[in-house]
Every structure is written in structure tokens, then in C-alpha cells.
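Worksheet for the structure shown next.
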Amino acid sequence: MHFSMNLQDIKTNILSGLTVALAMVPEAIAFALIAHVSPLTGLYAAIIVCLITAIFGGRPGMISGATGALAVVMVALVSQHGVEYLFATVILMGILQSAFAIMRLGKYIRMVPYPVMLGFVNGLAIVIFLAQFGHFKVLDSEGTNVWMSGAPLYNMLSLTGLTVIIIYLFPKLTKAIPSSLASIIIVSCLVIFLDLDTKTVGDLGSIAGTIPSFKIPEITYGFDTLKIILPYAFLLACIGLIETLLTLNLIDDMTDTRGRPNKESMAQGFANIVTGFFGGMGGCAMIGQSMININNGALKRLSGIATALFLAAFILFLSKWIELIPLAALIGVMFVVAEKTFEWGSLRLFGKIPREDIFVGLLVGGITIIADLAIAVILGVIVSALMFAWSHAKKIDVQASINKKGWKTYKLDGTLFFASAKNFHELFDIKEDPKDVVIDFGNSRVADHSAIMAIDNLANKYKLAGKKLHLVHLSPDCLDILDTARSMVEVNLLEDPKYHIADDKLS
């Protein structure tokens, strides 16, 4: 990754950072309220996590901050034990994420199947879209959230629609500034000068504040406290890393570049440790804001640094102006983000790709929408792996023939592993076979310990039937683990395969 930038790059990244910062303000406040903490707790997290990951992370252009996926997990902890326990949990979350990076486990995110990635992207696009409708609710006289009606609703819808139109049409006039930033400025000016009655950022809560100060969480330190915060910290660390690394993968694909997952994981961990000591609620990658940034062409670290600095400026100096921005403008921006994030081309894949892949994509997308991102991705990977194992289990077969000596030869074709072991046994006719039987593994792959046990069990059955089994073209690694069948192996090392099987007995 090279760091040189021309004036156009600097301008693009700074203006994109301003746009992203404006879009992050209501999100950070909303997520803080979801977690039952103050708006500044969400904004401090947005500033610190965004700044540290922009400087030290492994994916320039990706934006991190307080997210809804983490906020929904924090609610129970804050409700039961208070915000100080949340800060301690965020610190422990960061430590766990750093340990993940030290063990260099980030590379395994690339093993996530494409249908899972597709479901993740489409599910999050729908989540981003649906989340905006919460802003179309107001408190009634009894303190209950109800849908808007009348003039306020029409104003919100009109302004939101105008924002979307400006975003799509503004690039036809000029590309000097990002169209999303232009739409926010134009709609905000329109609301201020016409004195339109509509919800603004200030209606969510005040964002005026000071620089956060270092503070050790005020909790009782001991094993009992660890028992409380460790489960939450582990879950938050997992959700944060999964969302971050999948977003990194997505940006890699969109930009045809390659991020560094372990470096990003370390930066996320360090950012959350610092955030916990400065009164923030922690965070991870934000796919919506990252998409705004990438679509603006901002692929440098400067964009994330600018985002964090603009957020800090909003809190310290510009809060009264930022609070005047109509929510409709920011809702419109996020609607466009959702539209651009959704992989519309995936709808054309129905009937063209295996039904299993379609099922996995819909499963992950559905669970992302109704439940939890981490559960959706983990379940998607498990289902994909099981489907892969099932399909390969059915692809093992033999070709039987009789040689000049009257021996029966079974030429095995396919992969022998845990899922195909049962089918493997059903390929042989032990009762009807002659006294000498040959199994040729030249065209097959012995993949795991279950396969070795299947070979041994088959050898035992032939031995009990009083017949001699000859095993040829087995890997030397297989021979080390074979038990009964070892005496039945006939090896030609010049012809035998050199692959290694996966087994914990082997170094």
C-alpha cells in the first residue's frame, strides 16, 4: 500500500471524511441510546475507534465506530450492572481482539464462502434500510413511540426523497464535491431558510461536549466481576471482528485491493482498549459509512482520520450547527447507501447456481435481518461446510474388475473422509469377493483420521471373512496410522501419492 497523495486525493478524502462524519452523528447517538448510555458515549467511541483504526488498521478507507450490532448486546449489561461495567467490558473486548490478531487468525476470514458473503452484504443492506424508519416515529403525550402523520410526515418524506434525487443527479452537474455531502448541505439550507418543521439531529440529543478524559472503570475488580464481563466481552469481540473482517473482504472485492486482516484486528483491539479508558462504548467497522467512503473514491487513511477530526470538531465547536441538520437528509443518504450496498446482481443468480448456495445466501441474509450478524455468519459457514461434505460424500465410487490371477480389484475414485466413510463400506461385497482383493487408492484422496479408521475397519471385516486384502497406492502418512490394515499394504513408493492427511497424531 503506497501512501503518496496528490491534491485531488487529499480533497476527495477530506470531503468524504466530512460526509461520513455527518452521517455518523445520528448513528452514534442512536446506537448509544439503544445501549442505554449517553449520546456522548457513542460519539466518543466513534471518534477514538475511527481515528486509531484509520491510522493503524489494515484496510485504508474502511470506517469504524459505534455500531448497532454491538449496541444490542450491551443493553443487558448496562441495564443490570451500569455503564462502568460496560467500559471494563469494552477494554476486555479489545484485549481479546488483540489476542486474536497476535495468533494471526484473521486470515481465516477468507475461508468464508461467497454465498455467506452475499447473504451478509444483502442482509446488512436491508438492515441499514429498515433502521432508518425508526426516525419516522415520535413520542406521543403518553411517552410512546408512534408513527408520524400529517405535515411532519410529508415534510420528512419530501426531504428524504429530495436528498436521494440530489445524490443521483448532482454528479451530472459536477463531481467537485461528493453528491452525498452536497445533498446534506442543500437540504439543510432549505430547511433552515424556509423554517420547515422537521426532525433534526438535535432532537436525538445534544452532541455538545468536551475532550474525553482518561479514567479507569469504577468497578469491583475480582473473579466475580470477570465472570460477569467475560461472556459479554467474548461475544462483543466475536461480533466486532466478524463484522470488521467481512467488511474488509467486501472492500477488497470492490476495490480490487488486499487488506491486512490481522493488522486490522490488532488495530480494532487497541482502539477498543483505549475507548474503554476514555468513556466510549467500543466499536467495529461500519459497513454503511464505509460504503459512503468507498463510493466517494476515498481509499486513503486520510479519510478516516478526517472523519474522526470532524466528529471531534462537531462536539467541541460546531454542535449547535450540526444539531440543525435535518434527519431527513441523513436518512436519504443511508437509503442510497443501502441501495448501493445490496448486490442486485444476486437476484439474477436464481436458477443459475446450485440451490444449496441460494439457500445459504438467503439463510445468512434472513438471520442477519431478524437476529444477529455473528450468528448468521457462523451458521452460514457451518451449513456451507455440511453441504460441501454431503455433496462430496456422495461422490466416492469404485470400478471393480478381475485380473489374470482371479483377484478382484477395486479402483477407488473420490475423497475418503468422515462424511464418505459410510458410503465407502457399502462399495464392497465382502461375502461374494474372492480370497484376494485389491483396493487401489491411486485416484482417491484419504483426507482425515475417519478415513483411516474406515480402511482399518474394512480390513478387519475381510480378515474375519478369511480373505486377504491388498492395499496399494496409499500415502506413507496413512501407513503410520493404520492398525490392522498395515500388514495388508503393498506399497510402491515411486508411484504412491505424497499428500499429507489431516490428523493430530502427525506433526
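Letters A, B, ... go to the chains of the C-alpha cells in the order shown; residues in each chain start at 1; ligands are counted from 1 in the same order.
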
DSSP alpha helix (DSSP H) selection over stretch 85-253 of chain A, as an MDAnalysis selection string: chainID A and resid 85:102 114:131 150:173 179:194 223:253

Residue subset to file, keeping C-alpha atoms, as an mmCIF file, in the first residue's frame:
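Writing the result to result23.cif gives the following:
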data_model
loop_
_atom_site.group_PDB
_atom_site.id
_atom_site.type_symbol
_atom_site.label_atom_id
_atom_site.label_comp_id
_atom_site.auth_asym_id
_atom_site.auth_seq_id
_atom_site.Cartn_x
_atom_site.Cartn_y
_atom_site.Cartn_z
ATOM 1 C CA TYR A 85 -19.095 -2.358 33.744
ATOM 2 C CA LEU A 86 -19.589 -1.611 30.042
ATOM 3 C CA PHE A 87 -16.319 0.327 29.910
ATOM 4 C CA ALA A 88 -14.472 -2.568 31.592
ATOM 5 C CA THR A 89 -16.091 -4.997 29.157
ATOM 6 C CA VAL A 90 -15.002 -2.921 26.169
ATOM 7 C CA ILE A 91 -11.401 -2.971 27.457
ATOM 8 C CA LEU A 92 -11.510 -6.763 27.824
ATOM 9 C CA MET A 93 -13.125 -6.997 24.395
ATOM 10 C CA GLY A 94 -10.149 -5.115 22.969
ATOM 11 C CA ILE A 95 -7.689 -7.415 24.732
ATOM 12 C CA LEU A 96 -9.416 -10.478 23.249
ATOM 13 C CA GLN A 97 -9.355 -8.936 19.772
ATOM 14 C CA SER A 98 -5.654 -8.170 20.141
ATOM 15 C CA ALA A 99 -5.020 -11.783 21.189
ATOM 16 C CA PHE A 100 -6.896 -12.894 18.065
ATOM 17 C CA ALA A 101 -4.530 -10.767 15.973
ATOM 18 C CA ILE A 102 -1.417 -11.990 17.802
ATOM 19 C CA TYR A 114 -19.100 -16.463 -1.241
ATOM 20 C CA PRO A 115 -22.819 -17.267 -0.627
ATOM 21 C CA VAL A 116 -22.250 -16.338 3.042
ATOM 22 C CA MET A 117 -20.613 -13.065 1.976
ATOM 23 C CA LEU A 118 -23.523 -12.381 -0.380
ATOM 24 C CA GLY A 119 -26.060 -13.045 2.370
ATOM 25 C CA PHE A 120 -24.077 -10.845 4.775
ATOM 26 C CA VAL A 121 -23.971 -7.924 2.333
ATOM 27 C CA ASN A 122 -27.625 -8.146 1.304
ATOM 28 C CA GLY A 123 -28.786 -8.697 4.873
ATOM 29 C CA LEU A 124 -26.893 -5.658 6.132
ATOM 30 C CA ALA A 125 -28.183 -3.544 3.243
ATOM 31 C CA ILE A 126 -31.735 -4.387 4.303
ATOM 32 C CA VAL A 127 -30.878 -3.750 7.976
ATOM 33 C CA ILE A 128 -29.470 -0.300 7.069
ATOM 34 C CA PHE A 129 -32.623 0.451 5.048
ATOM 35 C CA LEU A 130 -35.073 -0.690 7.725
ATOM 36 C CA ALA A 131 -33.179 1.056 10.538
ATOM 37 C CA GLY A 150 -49.764 14.827 8.756
ATOM 38 C CA ALA A 151 -47.382 17.660 7.829
ATOM 39 C CA PRO A 152 -44.334 16.334 9.772
ATOM 40 C CA LEU A 153 -44.555 13.022 7.891
ATOM 41 C CA TYR A 154 -44.963 14.714 4.497
ATOM 42 C CA ASN A 155 -42.039 17.025 5.245
ATOM 43 C CA MET A 156 -39.801 14.084 6.206
ATOM 44 C CA LEU A 157 -40.775 12.069 3.138
ATOM 45 C CA SER A 158 -40.355 15.031 0.787
ATOM 46 C CA LEU A 159 -36.958 15.994 2.178
ATOM 47 C CA THR A 160 -35.767 12.394 2.165
ATOM 48 C CA GLY A 161 -36.874 11.994 -1.450
ATOM 49 C CA LEU A 162 -35.200 15.273 -2.406
ATOM 50 C CA THR A 163 -31.945 14.089 -0.789
ATOM 51 C CA VAL A 164 -31.997 10.860 -2.790
ATOM 52 C CA ILE A 165 -32.702 12.729 -6.047
ATOM 53 C CA ILE A 166 -29.833 15.173 -5.423
ATOM 54 C CA ILE A 167 -27.398 12.324 -4.691
ATOM 55 C CA TYR A 168 -28.155 10.641 -8.008
ATOM 56 C CA LEU A 169 -28.390 13.810 -10.160
ATOM 57 C CA PHE A 170 -25.687 16.043 -8.656
ATOM 58 C CA PRO A 171 -22.751 14.125 -10.265
ATOM 59 C CA LYS A 172 -24.202 15.030 -13.681
ATOM 60 C CA LEU A 173 -23.593 18.716 -12.825
ATOM 61 C CA SER A 179 -23.008 14.242 -4.062
ATOM 62 C CA SER A 180 -23.985 12.935 -0.618
ATOM 63 C CA LEU A 181 -22.294 15.938 1.039
ATOM 64 C CA ALA A 182 -23.953 18.298 -1.444
ATOM 65 C CA SER A 183 -27.374 16.803 -0.684
ATOM 66 C CA ILE A 184 -26.901 17.280 3.074
ATOM 67 C CA ILE A 185 -25.852 20.916 2.598
ATOM 68 C CA ILE A 186 -28.657 21.761 0.136
ATOM 69 C CA VAL A 187 -31.441 20.115 2.148
ATOM 70 C CA SER A 188 -30.159 21.614 5.421
ATOM 71 C CA CYS A 189 -30.107 25.123 3.917
ATOM 72 C CA LEU A 190 -33.603 24.589 2.521
ATOM 73 C CA VAL A 191 -34.969 23.582 5.922
ATOM 74 C CA ILE A 192 -33.243 26.472 7.729
ATOM 75 C CA PHE A 193 -34.229 29.223 5.272
ATOM 76 C CA LEU A 194 -37.828 28.019 4.814
ATOM 77 C CA PHE A 223 -13.089 -13.073 39.819
ATOM 78 C CA ASP A 224 -16.803 -12.365 40.356
ATOM 79 C CA THR A 225 -16.586 -9.297 38.116
ATOM 80 C CA LEU A 226 -14.657 -11.262 35.487
ATOM 81 C CA LYS A 227 -17.462 -13.841 35.423
ATOM 82 C CA ILE A 228 -19.904 -11.034 34.630
ATOM 83 C CA ILE A 229 -17.962 -9.202 31.924
ATOM 84 C CA LEU A 230 -16.075 -12.048 30.189
ATOM 85 C CA PRO A 231 -19.095 -13.586 28.368
ATOM 86 C CA TYR A 232 -20.150 -10.140 27.105
ATOM 87 C CA ALA A 233 -16.576 -9.241 26.128
ATOM 88 C CA PHE A 234 -16.149 -12.502 24.213
ATOM 89 C CA LEU A 235 -19.427 -12.048 22.325
ATOM 90 C CA LEU A 236 -18.672 -8.401 21.533
ATOM 91 C CA ALA A 237 -15.155 -9.317 20.359
ATOM 92 C CA CYS A 238 -16.542 -12.007 18.041
ATOM 93 C CA ILE A 239 -19.272 -9.784 16.596
ATOM 94 C CA GLY A 240 -16.857 -6.890 16.151
ATOM 95 C CA LEU A 241 -14.217 -8.989 14.394
ATOM 96 C CA ILE A 242 -16.690 -10.785 12.148
ATOM 97 C CA GLU A 243 -18.358 -7.546 11.021
ATOM 98 C CA THR A 244 -14.974 -5.855 10.588
ATOM 99 C CA LEU A 245 -13.270 -8.627 8.644
ATOM 100 C CA LEU A 246 -16.259 -9.281 6.401
ATOM 101 C CA THR A 247 -16.456 -5.562 5.620
ATOM 102 C CA LEU A 248 -12.713 -5.656 4.883
ATOM 103 C CA ASN A 249 -13.305 -8.555 2.493
ATOM 104 C CA LEU A 250 -16.134 -6.654 0.799
ATOM 105 C CA ILE A 251 -13.991 -3.557 0.274
ATOM 106 C CA ASP A 252 -11.158 -5.743 -1.041
ATOM 107 C CA ASP A 253 -13.523 -7.126 -3.671
#

If you count only C-alpha atoms, which residues fall within 12 Å of A:Gly209, apart from same-chain ones fewer than 3 positions away, as a CSV table (one decimal) with N, CA and C atoms, in the first residue's frame?
chain,number,residue,atom,x,y,z
A,38,SER,N,-25.2,7.5,27.3
A,38,SER,CA,-25.4,8.9,26.8
A,38,SER,C,-25.0,9.0,25.4
A,39,PRO,N,-25.5,10.0,24.6
A,39,PRO,CA,-25.1,10.2,23.2
A,39,PRO,C,-23.5,10.4,23.1
A,40,LEU,N,-23.0,11.1,24.1
A,40,LEU,CA,-21.5,11.4,24.0
A,40,LEU,C,-20.7,10.1,24.1
A,41,THR,N,-21.3,9.1,24.8
A,41,THR,CA,-20.6,7.8,25.0
A,41,THR,C,-20.4,7.1,23.6
A,43,LEU,N,-20.5,8.9,20.7
A,43,LEU,CA,-19.7,9.8,19.9
A,43,LEU,C,-18.2,9.7,20.2
A,44,TYR,N,-17.9,9.5,21.5
A,44,TYR,CA,-16.5,9.3,21.9
A,44,TYR,C,-16.0,8.0,21.3
A,205,GLY,N,-30.6,14.2,20.7
A,205,GLY,CA,-29.9,14.5,21.9
A,205,GLY,C,-28.8,15.5,21.6
A,206,SER,N,-28.3,16.2,22.6
A,206,SER,CA,-27.2,17.2,22.4
A,206,SER,C,-25.9,16.5,22.2
A,212,PRO,N,-12.8,13.9,25.9
A,212,PRO,CA,-12.9,12.8,26.9
A,212,PRO,C,-11.6,12.7,27.7
A,213,SER,N,-11.7,12.4,29.0
A,213,SER,CA,-10.5,12.2,29.9
A,213,SER,C,-10.3,10.8,30.2
A,311,LEU,N,-15.6,14.8,13.5
A,311,LEU,CA,-16.5,14.5,14.6
A,311,LEU,C,-16.1,15.2,15.9
A,312,ALA,N,-14.8,15.2,16.2
A,312,ALA,CA,-14.4,15.9,17.4
A,312,ALA,C,-14.7,17.4,17.3
A,313,ALA,N,-14.5,18.0,16.1
A,313,ALA,CA,-14.9,19.4,15.9
A,313,ALA,C,-16.4,19.7,16.1
A,314,PHE,N,-17.2,18.7,15.7
A,314,PHE,CA,-18.6,18.9,15.9
A,314,PHE,C,-19.0,19.0,17.4
A,315,ILE,N,-18.4,18.1,18.2
A,315,ILE,CA,-18.6,18.1,19.6
A,315,ILE,C,-18.1,19.3,20.3
A,316,LEU,N,-16.9,19.7,19.9
A,316,LEU,CA,-16.2,20.8,20.7
A,316,LEU,C,-16.7,22.2,20.2
A,317,PHE,N,-16.9,22.4,18.9
A,317,PHE,CA,-17.1,23.8,18.4
A,317,PHE,C,-18.4,24.0,17.6
A,318,LEU,N,-18.9,22.9,17.0
A,318,LEU,CA,-20.0,23.1,16.0
A,318,LEU,C,-21.3,22.5,16.3
A,319,SER,N,-21.4,22.1,17.6
A,319,SER,CA,-22.6,21.3,18.0
A,319,SER,C,-23.9,22.0,17.6
A,320,LYS,N,-24.0,23.3,17.9
A,320,LYS,CA,-25.3,24.0,17.6
A,320,LYS,C,-25.7,24.0,16.1

Excluding A:Met62 and residues on its chain fewer than 2 positions from it, collect all residues at most 6 Å away from it, counting only C-alpha atoms, and give them as a VMD selection string. chain A and resid 59 to 60 290

Using N, CA and C atoms, can you export the residues from the last selection as a PDB file, in the first residue's frame?
ATOM      1  N   ARG A  59      -6.896  -1.761   6.628  1.00  0.00           N
ATOM      2  CA  ARG A  59      -7.755  -1.541   5.475  1.00  0.00           C
ATOM      3  C   ARG A  59      -8.041  -0.043   5.324  1.00  0.00           C
ATOM      4  N   PRO A  60      -7.138   0.712   4.693  1.00  0.00           N
ATOM      5  CA  PRO A  60      -7.398   2.135   4.463  1.00  0.00           C
ATOM      6  C   PRO A  60      -8.714   2.334   3.715  1.00  0.00           C
ATOM      7  N   SER A 290     -18.636   2.985   5.654  1.00  0.00           N
ATOM      8  CA  SER A 290     -17.535   2.536   4.789  1.00  0.00           C
ATOM      9  C   SER A 290     -17.942   2.592   3.322  1.00  0.00           C
TER      10      SER A 290
END

Do a neighbour search on A:Gly42 at 7 Å with only C-alpha atoms, toss out local chain neighbours closer than 6 positions, and write the hits as a PyMOL selection string. chain A and resi 28-29+31-32+66+280-281

Output N, CA and C atoms for every residue in that selection, as an mmCIF file, in the first residue's frame.
data_model
loop_
_atom_site.group_PDB
_atom_site.id
_atom_site.type_symbol
_atom_site.label_atom_id
_atom_site.label_comp_id
_atom_site.auth_asym_id
_atom_site.auth_seq_id
_atom_site.Cartn_x
_atom_site.Cartn_y
_atom_site.Cartn_z
ATOM 1 N N ALA A 28 -24.316 7.244 15.728
ATOM 2 C CA ALA A 28 -23.639 7.089 17.016
ATOM 3 C C ALA A 28 -24.587 7.399 18.174
ATOM 4 N N ILE A 29 -25.389 8.457 17.999
ATOM 5 C CA ILE A 29 -26.353 8.808 19.051
ATOM 6 C C ILE A 29 -27.396 7.705 19.205
ATOM 7 N N PHE A 31 -27.228 4.517 18.404
ATOM 8 C CA PHE A 31 -26.670 3.292 18.967
ATOM 9 C C PHE A 31 -26.396 3.450 20.466
ATOM 10 N N ALA A 32 -25.993 4.655 20.862
ATOM 11 C CA ALA A 32 -25.776 4.905 22.285
ATOM 12 C C ALA A 32 -27.092 4.787 23.058
ATOM 13 N N ALA A 66 -18.994 3.262 16.616
ATOM 14 C CA ALA A 66 -20.044 2.579 17.373
ATOM 15 C C ALA A 66 -21.058 1.978 16.404
ATOM 16 N N GLY A 280 -15.903 5.506 26.134
ATOM 17 C CA GLY A 280 -16.610 5.176 24.907
ATOM 18 C C GLY A 280 -17.212 3.780 24.965
ATOM 19 N N MET A 281 -18.182 3.521 24.098
ATOM 20 C CA MET A 281 -18.891 2.242 24.145
ATOM 21 C C MET A 281 -18.272 1.182 23.236
#

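Reported to one decimal place, the separation of atom CA of A:Trp321 from atom CA of A:Lys11 is 22.8 Å.
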
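When only C-alpha atoms are used to measure the gap to A:Gly288, the shortest distance among A:Ala76, A:Val83, A:Ile331, A:Ile396 belongs to A:Ile331.
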
Run DSSP on the backbone and tell me which residues of stretch 100-312 of chain A come out as strand (DSSP E or B); list them as a CSV table (one decimal) with N, CA and C atoms, in the first residue's frame.
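Okay, selection20.csv is ready:
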chain,number,residue,atom,x,y,z
A,137,LYS,N,-40.7,8.0,13.7
A,137,LYS,CA,-41.5,7.8,14.8
A,137,LYS,C,-41.3,9.0,15.8
A,138,VAL,N,-42.3,9.4,16.5
A,138,VAL,CA,-42.2,10.5,17.5
A,138,VAL,C,-42.9,10.0,18.8
A,139,LEU,N,-42.6,10.7,19.9
A,139,LEU,CA,-43.2,10.4,21.2
A,139,LEU,C,-44.6,11.1,21.3
A,145,ASN,N,-43.7,5.6,21.5
A,145,ASN,CA,-43.2,5.9,20.1
A,145,ASN,C,-44.4,5.6,19.1
A,146,VAL,N,-44.8,6.5,18.3
A,146,VAL,CA,-45.8,6.3,17.3
A,146,VAL,C,-45.4,6.8,16.0
A,147,TRP,N,-45.9,6.4,14.9
A,147,TRP,CA,-45.6,6.8,13.6
A,147,TRP,C,-46.0,8.2,13.4
A,200,THR,N,-34.6,17.1,13.5
A,200,THR,CA,-33.2,17.4,13.3
A,200,THR,C,-32.3,16.5,14.2
A,284,CYS,N,-16.6,-1.2,15.9
A,284,CYS,CA,-16.0,-2.0,14.9
A,284,CYS,C,-16.3,-1.3,13.6
A,285,ALA,N,-16.0,-2.0,12.5
A,285,ALA,CA,-16.3,-1.5,11.2
A,285,ALA,C,-17.7,-1.2,10.9

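When only C-alpha atoms are used to compute distances to A:Ile177, the closest of the residues A:Val446, A:Ile14, A:Ile294, A:Val337 turns out to be A:Ile14.
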
Please report the interatomic distance between atom CA of A:Ile211 and atom CA of A:Ala298 in Å with one decimal. 27.2 Å

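Distance annotation: of A:Val201, A:Val360, A:Leu302, A:Ile216, the residue with the minimal separation from A:Ala30 is A:Val201; atom set is only C-alpha atoms.
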
If you count only C-alpha atoms, the residue of A:Leu70, A:Ala338, A:Leu349, A:Ser141 closest to A:Ala374 turns out to be A:Leu70

So that I can check the surroundings of A:Ile375, please list as a CSV table (one decimal) with C-alpha atoms, in the first residue's frame every protein, DNA and RNA residue that reaches within 10 Å of it, counting only C-alpha atoms and ignoring chain neighbours fewer than 3 positions away.
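The resulting result.csv:
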chain,number,residue,atom,x,y,z
A,238,CYS,CA,-16.5,-12.0,18.0
A,239,ILE,CA,-19.3,-9.8,16.6
A,242,ILE,CA,-16.7,-10.8,12.1
A,364,VAL,CA,-27.5,-15.7,6.2
A,367,ILE,CA,-30.7,-14.2,10.2
A,368,THR,CA,-28.7,-11.0,9.8
A,371,ALA,CA,-31.3,-11.8,14.7
A,372,ASP,CA,-27.6,-11.3,14.9
A,378,ILE,CA,-21.2,-18.7,11.8
A,379,LEU,CA,-24.3,-20.6,11.0
A,380,GLY,CA,-23.8,-19.9,7.3
A,381,VAL,CA,-20.3,-21.2,7.4

Just the number, please: distance in Å from atom CA of A:Phe342 to atom CA of A:Asn293, one decimal. 15.9 Å

If you count only C-alpha atoms, which residues fall within 6 Å of stretch 384-393 of chain A, apart from same-chain ones fewer than 2 positions away, as a ChimeraX atom specification? /A:381-382,395,419-420

Just to be explicit: take each residue in the selection above, keep N, CA and C atoms, and write the result as a PDB file, in the first residue's frame.
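The result, written out as again-v1.pdb:
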ATOM      1  N   VAL A 381     -21.497 -20.470   7.606  1.00  0.00           N
ATOM      2  CA  VAL A 381     -20.266 -21.236   7.357  1.00  0.00           C
ATOM      3  C   VAL A 381     -20.482 -22.710   7.690  1.00  0.00           C
ATOM      4  N   ILE A 382     -21.154 -22.979   8.816  1.00  0.00           N
ATOM      5  CA  ILE A 382     -21.402 -24.375   9.223  1.00  0.00           C
ATOM      6  C   ILE A 382     -22.279 -25.082   8.195  1.00  0.00           C
ATOM      7  N   LYS A 395     -19.810 -38.549  -3.784  1.00  0.00           N
ATOM      8  CA  LYS A 395     -19.005 -38.640  -4.995  1.00  0.00           C
ATOM      9  C   LYS A 395     -17.898 -39.686  -4.920  1.00  0.00           C
ATOM     10  N   ALA A 419     -17.370 -37.874   6.126  1.00  0.00           N
ATOM     11  CA  ALA A 419     -18.731 -37.912   5.595  1.00  0.00           C
ATOM     12  C   ALA A 419     -18.929 -39.043   4.586  1.00  0.00           C
ATOM     13  N   SER A 420     -17.854 -39.491   3.945  1.00  0.00           N
ATOM     14  CA  SER A 420     -17.992 -40.542   2.925  1.00  0.00           C
ATOM     15  C   SER A 420     -17.629 -41.924   3.447  1.00  0.00           C
TER      16      SER A 420
END

Compare A:His36, A:Asp456, A:Asp429, A:Ile63 by their minimum atom-to-atom distance to A:Ala308, counting only C-alpha atoms, and give me the closest one. A:Ile63

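Restricting the calculation to only C-alpha atoms, the smallest distance between A:Lys263 and any of A:Thr53, A:Asn6, A:Asn13, A:Thr415 is found for A:Thr53.
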